[in-house]
Structures are given as structure tokens and as C-alpha cells.
>>> print(open('model-v2.pdb').read())   # PDB, C-alpha atoms, pLDDT in the B column
ATOM      1  CA  MET A 109     -45.501 -65.838  97.082  1.00 93.00           C
ATOM      2  CA  SER A 110     -45.824 -64.818 100.711  1.00 97.00           C
ATOM      3  CA  ILE A 111     -45.491 -61.162 101.613  1.00 98.00           C
ATOM      4  CA  ALA A 112     -45.697 -59.337 104.931  1.00 98.00           C
ATOM      5  CA  VAL A 113     -46.001 -55.734 106.040  1.00 98.00           C
ATOM      6  CA  ALA A 114     -44.243 -54.784 109.261  1.00 98.00           C
ATOM      7  CA  GLN A 115     -44.323 -51.715 111.484  1.00 98.00           C
ATOM      8  CA  PRO A 116     -41.427 -52.107 113.938  1.00 98.00           C
ATOM      9  CA  ARG A 117     -40.911 -49.847 116.919  1.00 95.00           C
ATOM     10  CA  CYS A 118     -38.432 -47.112 115.989  1.00 97.00           C
ATOM     11  CA  VAL A 119     -35.834 -45.145 117.957  1.00 97.00           C
ATOM     12  CA  ALA A 120     -35.047 -41.830 116.262  1.00 97.00           C
ATOM     13  CA  TYR A 121     -31.700 -41.902 114.417  1.00 98.00           C
ATOM     14  CA  ASP A 122     -30.647 -45.184 116.065  1.00 98.00           C
ATOM     15  CA  VAL A 123     -29.871 -47.439 113.103  1.00 98.00           C
ATOM     16  CA  THR A 124     -28.341 -50.112 115.340  1.00 98.00           C
ATOM     17  CA  ALA A 125     -31.421 -50.507 117.552  1.00 98.00           C
ATOM     18  CA  ASN A 126     -33.789 -50.225 114.628  1.00 98.00           C
ATOM     19  CA  ALA A 127     -31.913 -52.860 112.633  1.00 98.00           C
ATOM     20  CA  MET A 128     -32.422 -55.270 115.518  1.00 98.00           C
ATOM     21  CA  ALA A 129     -36.153 -54.493 115.486  1.00 98.00           C
ATOM     22  CA  HIS A 130     -36.253 -55.091 111.732  1.00 98.00           C
ATOM     23  CA  ALA A 131     -34.483 -58.428 112.156  1.00 98.00           C
ATOM     24  CA  LYS A 132     -37.046 -59.450 114.768  1.00 98.00           C
ATOM     25  CA  ALA A 133     -39.864 -58.519 112.390  1.00 98.00           C
ATOM     26  CA  VAL A 134     -38.293 -60.511 109.545  1.00 98.00           C
ATOM     27  CA  ARG A 135     -38.163 -63.618 111.724  1.00 98.00           C
ATOM     28  CA  ALA A 136     -41.725 -63.103 112.957  1.00 97.00           C
ATOM     29  CA  ALA A 137     -43.119 -62.546 109.456  1.00 98.00           C
ATOM     30  CA  GLU A 138     -42.195 -65.939 107.991  1.00 96.00           C
ATOM     31  CA  ALA A 139     -42.588 -64.436 104.520  1.00 98.00           C
ATOM     32  CA  ARG A 140     -40.583 -64.324 101.291  1.00 98.00           C
ATOM     33  CA  VAL A 141     -40.834 -60.510 101.164  1.00 98.00           C
ATOM     34  CA  VAL A 142     -41.261 -58.121 104.107  1.00 98.00           C
ATOM     35  CA  VAL A 143     -42.149 -54.484 103.415  1.00 98.00           C
ATOM     36  CA  PHE A 144     -41.235 -51.805 105.971  1.00 98.00           C
ATOM     37  CA  PRO A 145     -42.446 -48.186 106.370  1.00 98.00           C
ATOM     38  CA  GLU A 146     -40.873 -45.049 104.965  1.00 98.00           C
ATOM     39  CA  MET A 147     -37.525 -44.300 106.658  1.00 98.00           C
ATOM     40  CA  SER A 148     -38.148 -47.140 109.086  1.00 98.00           C
ATOM     41  CA  LEU A 149     -34.444 -47.557 109.800  1.00 98.00           C
ATOM     42  CA  THR A 150     -33.911 -44.005 111.117  1.00 98.00           C
ATOM     43  CA  GLY A 151     -37.407 -42.706 111.750  1.00 97.00           C
ATOM     44  CA  TYR A 152     -38.874 -39.911 109.659  1.00 97.00           C
ATOM     45  CA  GLU A 153     -35.929 -37.658 110.486  1.00 97.00           C
ATOM     46  CA  LEU A 154     -35.056 -35.620 107.411  1.00 96.00           C
ATOM     47  CA  ASP A 155     -31.629 -34.728 108.776  1.00 97.00           C
ATOM     48  CA  ALA A 156     -30.636 -38.354 109.415  1.00 97.00           C
ATOM     49  CA  ALA A 157     -27.392 -39.386 107.737  1.00 98.00           C
ATOM     50  CA  PRO A 158     -27.736 -41.588 104.644  1.00 98.00           C
ATOM     51  CA  VAL A 159     -27.312 -45.304 105.256  1.00 98.00           C
ATOM     52  CA  SER A 160     -24.985 -46.996 102.782  1.00 98.00           C
ATOM     53  CA  PRO A 161     -25.836 -50.516 101.569  1.00 98.00           C
ATOM     54  CA  ASP A 162     -22.531 -51.747 103.000  1.00 98.00           C
ATOM     55  CA  ASP A 163     -23.168 -50.260 106.453  1.00 98.00           C
ATOM     56  CA  GLU A 164     -22.225 -52.919 108.998  1.00 98.00           C
ATOM     57  CA  ARG A 165     -25.192 -51.919 111.152  1.00 98.00           C
ATOM     58  CA  LEU A 166     -27.410 -53.739 108.635  1.00 98.00           C
ATOM     59  CA  ALA A 167     -25.812 -57.059 109.639  1.00 98.00           C
ATOM     60  CA  PRO A 168     -28.687 -58.204 111.910  1.00 98.00           C
ATOM     61  CA  ILE A 169     -31.172 -57.786 109.058  1.00 98.00           C
ATOM     62  CA  VAL A 170     -28.881 -59.617 106.638  1.00 98.00           C
ATOM     63  CA  ALA A 171     -28.538 -62.470 109.137  1.00 98.00           C
ATOM     64  CA  ALA A 172     -32.294 -62.704 109.686  1.00 98.00           C
ATOM     65  CA  CYS A 173     -32.898 -62.741 105.935  1.00 98.00           C
ATOM     66  CA  ALA A 174     -30.285 -65.475 105.502  1.00 98.00           C
ATOM     67  CA  GLU A 175     -32.015 -67.613 108.139  1.00 98.00           C
ATOM     68  CA  THR A 176     -35.493 -67.153 106.700  1.00 98.00           C
ATOM     69  CA  GLY A 177     -34.915 -66.757 102.961  1.00 98.00           C
ATOM     70  CA  THR A 178     -36.506 -63.309 103.103  1.00 98.00           C
ATOM     71  CA  LEU A 179     -36.060 -60.173 101.034  1.00 98.00           C
ATOM     72  CA  ALA A 180     -36.592 -57.155 103.309  1.00 98.00           C
ATOM     73  CA  LEU A 181     -37.566 -53.820 101.749  1.00 98.00           C
ATOM     74  CA  VAL A 182     -36.280 -51.377 104.356  1.00 98.00           C
ATOM     75  CA  GLY A 183     -36.994 -47.650 104.442  1.00 98.00           C
ATOM     76  CA  ALA A 184     -33.972 -45.392 104.938  1.00 98.00           C
ATOM     77  CA  PRO A 185     -32.238 -42.255 103.738  1.00 98.00           C
ATOM     78  CA  VAL A 186     -29.714 -43.508 101.192  1.00 98.00           C
ATOM     79  CA  PRO A 187     -26.788 -41.986  99.279  1.00 98.00           C
ATOM     80  CA  GLY A 188     -27.832 -39.425  96.693  1.00 96.00           C
ATOM     81  CA  PRO A 189     -29.182 -38.359  99.073  1.00 98.00           C
ATOM     82  CA  ARG A 190     -32.568 -39.951  98.505  1.00 98.00           C
ATOM     83  CA  ILE A 191     -35.435 -41.185 100.647  1.00 98.00           C
ATOM     84  CA  GLY A 192     -34.967 -44.775  99.677  1.00 98.00           C
ATOM     85  CA  VAL A 193     -35.652 -48.457  99.897  1.00 98.00           C
ATOM     86  CA  LEU A 194     -32.808 -50.791 100.790  1.00 98.00           C
ATOM     87  CA  ALA A 195     -33.394 -54.313  99.480  1.00 98.00           C
ATOM     88  CA  VAL A 196     -31.768 -56.608 102.037  1.00 98.00           C
ATOM     89  CA  ASP A 197     -31.327 -60.364 101.665  1.00 98.00           C
ATOM     90  CA  GLY A 198     -28.987 -62.996 103.044  1.00 98.00           C
ATOM     91  CA  GLU A 199     -26.176 -61.774 100.802  1.00 98.00           C
ATOM     92  CA  GLY A 200     -26.268 -58.100 101.768  1.00 98.00           C
ATOM     93  CA  ALA A 201     -28.077 -54.930 100.708  1.00 98.00           C
ATOM     94  CA  CYS A 202     -28.517 -52.644  97.732  1.00 98.00           C
ATOM     95  CA  VAL A 203     -30.435 -49.446  97.028  1.00 98.00           C
ATOM     96  CA  ALA A 204     -33.557 -50.583  95.172  1.00 98.00           C
ATOM     97  CA  TYR A 205     -35.468 -47.318  94.904  1.00 98.00           C
ATOM     98  CA  GLY A 206     -35.537 -43.595  95.635  1.00 98.00           C
ATOM     99  CA  LYS A 207     -38.770 -41.710  96.359  1.00 98.00           C
ATOM    100  CA  VAL A 208     -39.981 -39.902  93.254  1.00 98.00           C
ATOM    101  CA  CYS A 209     -42.681 -37.522  94.518  1.00 98.00           C
ATOM    102  CA  LEU A 210     -41.047 -35.471  97.266  1.00 98.00           C
ATOM    103  CA  HIS A 211     -42.779 -32.996  99.580  1.00 93.00           C
ATOM    104  CA  ASP A 212     -41.303 -29.487  99.644  1.00 94.00           C
ATOM    105  CA  SER A 213     -39.519 -30.096 102.953  1.00 94.00           C
ATOM    106  CA  GLU A 214     -38.039 -33.313 101.559  1.00 97.00           C
ATOM    107  CA  ALA A 215     -36.999 -31.691  98.271  1.00 96.00           C
ATOM    108  CA  ALA A 216     -34.877 -29.221 100.237  1.00 96.00           C
ATOM    109  CA  ARG A 217     -32.638 -32.104 101.348  1.00 96.00           C
ATOM    110  CA  PHE A 218     -33.143 -34.982  98.911  1.00 98.00           C
ATOM    111  CA  VAL A 219     -33.168 -35.584  95.162  1.00 98.00           C
ATOM    112  CA  PRO A 220     -35.947 -37.598  93.492  1.00 98.00           C
ATOM    113  CA  GLY A 221     -35.469 -41.098  92.159  1.00 98.00           C
ATOM    114  CA  GLU A 222     -37.122 -42.883  89.238  1.00 98.00           C
ATOM    115  CA  PRO A 223     -39.861 -45.530  89.020  1.00 98.00           C
ATOM    116  CA  ALA A 224     -38.368 -48.948  89.744  1.00 98.00           C
ATOM    117  CA  VAL A 225     -39.245 -52.623  89.832  1.00 98.00           C
ATOM    118  CA  ILE A 226     -37.592 -55.557  91.556  1.00 98.00           C
ATOM    119  CA  GLU A 227     -38.170 -59.190  90.659  1.00 97.00           C
ATOM    120  CA  VAL A 228     -38.605 -61.896  93.287  1.00 97.00           C
ATOM    121  CA  ASP A 229     -39.305 -65.500  92.302  1.00 95.00           C
ATOM    122  CA  GLY A 230     -40.824 -64.380  89.021  1.00 94.00           C
ATOM    123  CA  TRP A 231     -42.944 -61.653  90.639  1.00 95.00           C
ATOM    124  CA  ARG A 232     -42.310 -58.081  89.522  1.00 96.00           C
ATOM    125  CA  LEU A 233     -42.843 -55.648  92.381  1.00 98.00           C
ATOM    126  CA  GLY A 234     -43.179 -51.931  91.714  1.00 98.00           C
ATOM    127  CA  LEU A 235     -41.840 -49.807  94.562  1.00 98.00           C
ATOM    128  CA  ALA A 236     -43.274 -46.649  96.112  1.00 98.00           C
ATOM    129  CA  ILE A 237     -42.782 -44.429  99.141  1.00 98.00           C
ATOM    130  CA  CYS A 238     -45.601 -42.478 100.809  1.00 96.00           C
ATOM    131  CA  ARG A 239     -46.543 -39.464  98.611  1.00 96.00           C
ATOM    132  CA  ASP A 240     -45.768 -41.554  95.513  1.00 97.00           C
ATOM    133  CA  THR A 241     -48.875 -43.617  96.283  1.00 96.00           C
ATOM    134  CA  GLY A 242     -51.086 -40.519  96.097  1.00 95.00           C
ATOM    135  CA  ILE A 243     -49.911 -39.536  92.612  1.00 96.00           C
ATOM    136  CA  PRO A 244     -51.720 -41.649  89.970  1.00 96.00           C
ATOM    137  CA  GLU A 245     -48.981 -40.889  87.427  1.00 97.00           C
ATOM    138  CA  HIS A 246     -46.457 -42.644  89.653  1.00 97.00           C
ATOM    139  CA  ALA A 247     -48.412 -45.889  89.701  1.00 97.00           C
ATOM    140  CA  ALA A 248     -49.029 -45.587  85.954  1.00 97.00           C
ATOM    141  CA  LYS A 249     -45.351 -45.132  85.138  1.00 98.00           C
ATOM    142  CA  THR A 250     -44.429 -47.987  87.463  1.00 98.00           C
ATOM    143  CA  ALA A 251     -47.101 -50.267  86.008  1.00 97.00           C
ATOM    144  CA  ALA A 252     -45.776 -49.477  82.526  1.00 97.00           C
ATOM    145  CA  LEU A 253     -42.575 -51.273  83.541  1.00 98.00           C
ATOM    146  CA  GLY A 254     -44.627 -54.447  83.964  1.00 97.00           C
ATOM    147  CA  ILE A 255     -45.636 -55.301  87.527  1.00 96.00           C
ATOM    148  CA  ASP A 256     -47.581 -57.939  89.441  1.00 95.00           C
ATOM    149  CA  GLY A 257     -47.679 -55.943  92.674  1.00 96.00           C
ATOM    150  CA  TYR A 258     -47.036 -52.503  94.178  1.00 97.00           C
ATOM    151  CA  ALA A 259     -45.135 -52.380  97.487  1.00 98.00           C
ATOM    152  CA  ALA A 260     -45.059 -49.148  99.467  1.00 98.00           C
ATOM    153  CA  GLY A 261     -43.679 -47.813 102.740  1.00 98.00           C
ATOM    154  CA  VAL A 262     -45.518 -44.824 104.219  1.00 97.00           C
ATOM    155  CA  VAL A 263     -45.740 -42.490 107.203  1.00 96.00           C
ATOM    156  CA  HIS A 264     -49.245 -41.215 107.931  1.00 93.00           C
ATOM    157  CA  ALA A 265     -50.681 -39.406 110.948  1.00 92.00           C
ATOM    158  CA  ASP A 266     -53.137 -41.285 113.148  1.00 90.00           C
ATOM    159  CA  ASP A 267     -56.092 -39.386 111.633  1.00 88.00           C
ATOM    160  CA  GLU A 268     -55.011 -40.587 108.168  1.00 88.00           C
ATOM    161  CA  ALA A 269     -55.371 -44.294 108.929  1.00 83.00           C
ATOM    162  CA  GLY A 270     -57.707 -44.806 105.986  1.00 87.00           C
ATOM    163  CA  LEU A 271     -55.563 -42.966 103.477  1.00 86.00           C
ATOM    164  CA  HIS A 272     -53.237 -45.755 102.430  1.00 86.00           C
ATOM    165  CA  GLY A 273     -56.210 -48.073 101.994  1.00 88.00           C
ATOM    166  CA  GLU A 274     -57.913 -45.576  99.670  1.00 93.00           C
ATOM    167  CA  ARG A 275     -54.739 -45.250  97.637  1.00 94.00           C
ATOM    168  CA  ALA A 276     -54.154 -49.001  97.548  1.00 93.00           C
ATOM    169  CA  LEU A 277     -57.675 -49.584  96.241  1.00 93.00           C
ATOM    170  CA  ARG A 278     -57.138 -47.050  93.474  1.00 94.00           C
ATOM    171  CA  VAL A 279     -53.856 -48.656  92.400  1.00 96.00           C
ATOM    172  CA  ALA A 280     -55.440 -52.123  92.443  1.00 92.00           C
ATOM    173  CA  ALA A 281     -58.433 -50.905  90.424  1.00 92.00           C
ATOM    174  CA  ASP A 282     -56.371 -48.969  87.881  1.00 95.00           C
ATOM    175  CA  HIS A 283     -53.706 -51.592  87.275  1.00 96.00           C
ATOM    176  CA  ALA A 284     -55.128 -54.953  88.450  1.00 94.00           C
ATOM    177  CA  VAL A 285     -52.211 -55.588  90.804  1.00 95.00           C
ATOM    178  CA  TRP A 286     -52.073 -56.479  94.484  1.00 95.00           C
ATOM    179  CA  VAL A 287     -50.795 -53.816  96.875  1.00 96.00           C
ATOM    180  CA  ALA A 288     -48.804 -54.098 100.111  1.00 97.00           C
ATOM    181  CA  THR A 289     -48.467 -50.951 102.229  1.00 97.00           C
ATOM    182  CA  ALA A 290     -46.327 -50.813 105.375  1.00 98.00           C
ATOM    183  CA  ALA A 291     -47.314 -47.844 107.541  1.00 97.00           C
ATOM    184  CA  PHE A 292     -45.341 -46.353 110.429  1.00 96.00           C
ATOM    185  CA  ALA A 293     -46.677 -47.036 113.945  1.00 96.00           C
ATOM    186  CA  GLY A 294     -45.596 -45.116 117.033  1.00 93.00           C
ATOM    187  CA  PRO A 295     -44.127 -41.601 117.230  1.00 92.00           C
ATOM    188  CA  THR A 296     -41.519 -40.312 114.798  1.00 94.00           C
ATOM    189  CA  GLY A 297     -40.080 -37.039 113.490  1.00 91.00           C
ATOM    190  CA  GLY A 298     -41.553 -34.484 111.141  1.00 87.00           C
ATOM    191  CA  GLY A 299     -44.360 -33.662 113.557  1.00 85.00           C
ATOM    192  CA  PHE A 300     -45.721 -37.215 113.513  1.00 90.00           C
ATOM    193  CA  ASP A 301     -46.282 -37.598 117.244  1.00 89.00           C
ATOM    194  CA  ARG A 302     -49.012 -40.148 116.544  1.00 91.00           C
ATOM    195  CA  THR A 303     -48.893 -42.288 113.408  1.00 94.00           C
ATOM    196  CA  SER A 304     -51.525 -44.503 111.873  1.00 94.00           C
ATOM    197  CA  GLY A 305     -50.148 -48.024 111.767  1.00 95.00           C
ATOM    198  CA  ARG A 306     -52.811 -50.160 110.037  1.00 96.00           C
ATOM    199  CA  SER A 307     -50.422 -51.577 107.464  1.00 97.00           C
ATOM    200  CA  GLY A 308     -52.317 -53.661 104.944  1.00 97.00           C
ATOM    201  CA  ILE A 309     -52.288 -56.022 101.979  1.00 97.00           C
ATOM    202  CA  TRP A 310     -54.929 -55.829  99.231  1.00 96.00           C
ATOM    203  CA  SER A 311     -55.686 -58.240  96.406  1.00 94.00           C
ATOM    204  CA  ALA A 312     -55.724 -57.177  92.767  1.00 92.00           C
ATOM    205  CA  GLY A 313     -59.510 -57.237  93.075  1.00 90.00           C
ATOM    206  CA  GLY A 314     -59.426 -54.695  95.894  1.00 90.00           C
ATOM    207  CA  GLU A 315     -60.084 -57.059  98.789  1.00 92.00           C
ATOM    208  CA  LEU A 316     -58.320 -56.277 102.073  1.00 94.00           C
ATOM    209  CA  ILE A 317     -56.519 -59.551 102.798  1.00 95.00           C
ATOM    210  CA  ALA A 318     -54.625 -58.593 105.978  1.00 96.00           C
ATOM    211  CA  GLU A 319     -54.447 -55.524 108.211  1.00 96.00           C
ATOM    212  CA  ALA A 320     -52.189 -54.708 111.148  1.00 97.00           C
ATOM    213  CA  SER A 321     -53.255 -52.888 114.291  1.00 96.00           C
ATOM    214  CA  GLY A 322     -52.313 -49.306 115.060  1.00 94.00           C
ATOM    215  CA  GLU A 323     -49.581 -50.430 117.454  1.00 95.00           C
ATOM    216  CA  PRO A 324     -45.807 -50.743 116.925  1.00 96.00           C
ATOM    217  CA  ASP A 325     -44.261 -54.185 116.384  1.00 96.00           C
ATOM    218  CA  ASP A 326     -47.248 -55.650 114.549  1.00 97.00           C
ATOM    219  CA  VAL A 327     -46.670 -57.788 111.427  1.00 98.00           C
ATOM    220  CA  VAL A 328     -49.257 -59.319 109.086  1.00 98.00           C
ATOM    221  CA  ARG A 329     -48.790 -61.512 106.039  1.00 97.00           C
ATOM    222  CA  ALA A 330     -50.642 -62.932 103.075  1.00 97.00           C
ATOM    223  CA  VAL A 331     -49.972 -65.416 100.299  1.00 92.00           C
ATOM    224  CA  PHE A 332     -50.577 -64.504  96.684  1.00 82.00           C
ATOM    225  CA  SER A 333     -50.803 -66.541  93.520  1.00 74.00           C
ATOM    226  CA  LYS A 334     -50.924 -65.223  89.997  1.00 69.00           C
ATOM    227  CA  PRO A 335     -54.157 -65.771  88.064  1.00 62.00           C
ATOM    228  CA  SER A 336     -54.177 -68.726  85.707  1.00 54.00           C
ATOM    229  CA  PRO A 337     -53.451 -67.825  82.070  1.00 53.00           C
TER     230      PRO A 337
END
>>> encode(input="model-v2.pdb", output="C-alpha cells")
Amino acid sequence: MSIAVAQPRCVAYDVTANAMAHAKAVRAAEARVVVFPEMSLTGYELDAAPVSPDDERLAPIVAACAETGTLALVGAPVPGPRIGVLAVDGEGACVAYGKVCLHDSEAARFVPGEPAVIEVDGWRLGLAICRDTGIPEHAAKTAALGIDGYAAGVVHADDEAGLHGERALRVAADHAVWVATAAFAGPTGGGFDRTSGRSGIWSAGGELIAEASGEPDDVVRAVFSKPSP
């Protein structure tokens, strides 16, 4: 299965503009699954209004997914309210996940979700958002659901560019699954004037297969196959 990690340019609070950027990334990725950063659809703006799965502003992403056969895992505040992942395909969108391990500032506005898995073409993908990836218990509970991979959207500062790689390697080592982490690039809210970019994809053996630059609009992809029985 082909998977990509994307770090589109983001305009704070502007779901319409950001949806267009997501659609562009989906087309550029040429992948079955495209993972986007935490709150990629609004920016890391904790006071952004939740985005409903039936929001018509998602239409460009739905159209791009219909053209390419892609499932897009889009970061957004969602009803609950939760910091969530919208799973978008050519048919529409649904809320696939809500962030479990909230920071204090996030917990003041959002409620936590539960570990979750989605299945794509026989692959079971565990979902995570930012701080989740730093809590070993989260990966353990997700892996207990039965997963082949762990897909995460994060926001890290530019001096934390190595952090998601360290966490990905731990998850791969602990659970023998591949990891795809989409990291925010460019400025966003929450004091993140400079973010890390450097989205990456790691094999179950801990090998870095693909890595994006630190710049907005970059997309990288990789193709995975399950080990032979």
C-alpha cells in the first residue's frame, strides 16, 4: 500500500483556503493514504470552530480523493469538541479519531478521544495526534487493537525536528509496525512561529524510508508490503 505524509501551507482559521491546499497535496502525493499534520485544516488554533464531516468546505478534498482513489487523514477540530482526524475519501468524510493525550491548554477546550484503528485495503492503521506519540501507553493500547501501521499528525517547533523520528522509532521497535508522521511546516498558532516540517515514514524495522524538507507544501511517499507469513 502506498502512503504519503504531507505538510501543506496553512492559513490560520481559513478552512476554505486550507482545503484547497489539502486537495493539491492529495493530487501530488499519488498515494492510497495521505496523512496530514495536527489541525492542518485550521492551523493549531485552539479556538477554531469545530469542522463537521458534512461541512461543504471539505468538497475540494473529497473531489481530489475521488479522482485519485485516496483516503486523506486530515487534522481538524471536530465536534465533541475534540482535536481530531477527519477521514476523507471520494464519498465524503467522517470523524475517525479524537486525540487522547491532551496538553493542559487543550484540555481546557477539548475532550479526549479513545484509541482507534481504521482499515484500508486490509491494512489496519492505528491513529495518533502529536502528544499521543510521546506516551508509550497510547501506542500500546492502539497496538492491542491489532495494527499494521501507526499514522500520526503532529505540530512540533523547529528545534524539535528530531522528536517525531525518535518517537516513531520507539513505536516501530516496540510494536513492529511501520510509522507515518506528518509534521506541520510553516508558522501556526499556539506560539509555533517556526515549526519543524520533516515529516517522515519509517519501516517496521526502524529504517527511515522517506523524509520531507522543513518547508511548507512538501509531500513524500513510500510503498509498504506486509511481511510474508
>>> residues_around(input="model-v2.pdb", residues="Gly257 in chain A", least_positions_apart="2", cutoff="9 Å", atoms="all atoms listed in the file", output="PyMOL selection string")
chain A and resi 231-235+251+255+259+280+284-288+312
>>> write_last_selection(input="model-v2.pdb", atoms="C-alpha atoms", output="short mmCIF file (atom, residue, chain, number, x, y, z; two decimals), in the frame of the given file")
data_model
loop_
_atom_site.label_atom_id
_atom_site.label_comp_id
_atom_site.auth_asym_id
_atom_site.auth_seq_id
_atom_site.Cartn_x
_atom_site.Cartn_y
_atom_site.Cartn_z
CA TRP A 231 -42.94 -61.65 90.64
CA ARG A 232 -42.31 -58.08 89.52
CA LEU A 233 -42.84 -55.65 92.38
CA GLY A 234 -43.18 -51.93 91.71
CA LEU A 235 -41.84 -49.81 94.56
CA ALA A 251 -47.10 -50.27 86.01
CA ILE A 255 -45.64 -55.30 87.53
CA ALA A 259 -45.14 -52.38 97.49
CA ALA A 280 -55.44 -52.12 92.44
CA ALA A 284 -55.13 -54.95 88.45
CA VAL A 285 -52.21 -55.59 90.80
CA TRP A 286 -52.07 -56.48 94.48
CA VAL A 287 -50.80 -53.82 96.88
CA ALA A 288 -48.80 -54.10 100.11
CA ALA A 312 -55.72 -57.18 92.77
#
>>> residues_near_point(input="model-v2.pdb", point="(-27.7, -56.4, 105.5)", cutoff="8 Å", atoms="all atoms listed in the file", output="list in words")
Pro161, Asp162, Asp163, Glu164, Arg165, Leu166, Ala167, Pro168, Ile169, Val170, Ala171, Val196, Asp197, Gly198, Glu199, Gly200 and Ala201 of chain A
>>> atom_distance(input="model-v2.pdb", atom1="CA of Phe292 in chain A", atom2="CA of Ser333 in chain A")
26.9 Å
>>> resolve_selection(input="model-v2.pdb", expression="the PyMOL selection byres ((chain A and resi 122) around 10)", output="PDB file with C-alpha atoms, in the coordinates of the input")
ATOM      1  CA  CYS A 118     -38.432 -47.112 115.989  1.00 97.00           C
ATOM      2  CA  VAL A 119     -35.834 -45.145 117.957  1.00 97.00           C
ATOM      3  CA  ALA A 120     -35.047 -41.830 116.262  1.00 97.00           C
ATOM      4  CA  TYR A 121     -31.700 -41.902 114.417  1.00 98.00           C
ATOM      5  CA  VAL A 123     -29.871 -47.439 113.103  1.00 98.00           C
ATOM      6  CA  THR A 124     -28.341 -50.112 115.340  1.00 98.00           C
ATOM      7  CA  ALA A 125     -31.421 -50.507 117.552  1.00 98.00           C
ATOM      8  CA  ASN A 126     -33.789 -50.225 114.628  1.00 98.00           C
ATOM      9  CA  ALA A 127     -31.913 -52.860 112.633  1.00 98.00           C
ATOM     10  CA  LEU A 149     -34.444 -47.557 109.800  1.00 98.00           C
ATOM     11  CA  THR A 150     -33.911 -44.005 111.117  1.00 98.00           C
ATOM     12  CA  GLY A 151     -37.407 -42.706 111.750  1.00 97.00           C
ATOM     13  CA  ALA A 156     -30.636 -38.354 109.415  1.00 97.00           C
ATOM     14  CA  ARG A 165     -25.192 -51.919 111.152  1.00 98.00           C
TER      15      ARG A 165
END
>>> resolve_selection(input="model-v2.pdb", expression="the PyMOL selection byres ((chain A and resi 158) around 7)", output="NGL selection string")
:A and (156-157 or 159-160 or 185-187 or 189)
>>> residues_around(input="model-v2.pdb", residues="Ala139 in chain A", least_positions_apart="6", cutoff="9 Å", atoms="only C-alpha atoms", output="list in words")
Met109, Ser110, Ile111, Ala112, Thr176, Gly177, Thr178, Leu179, Arg329, Ala330 and Val331 of chain A
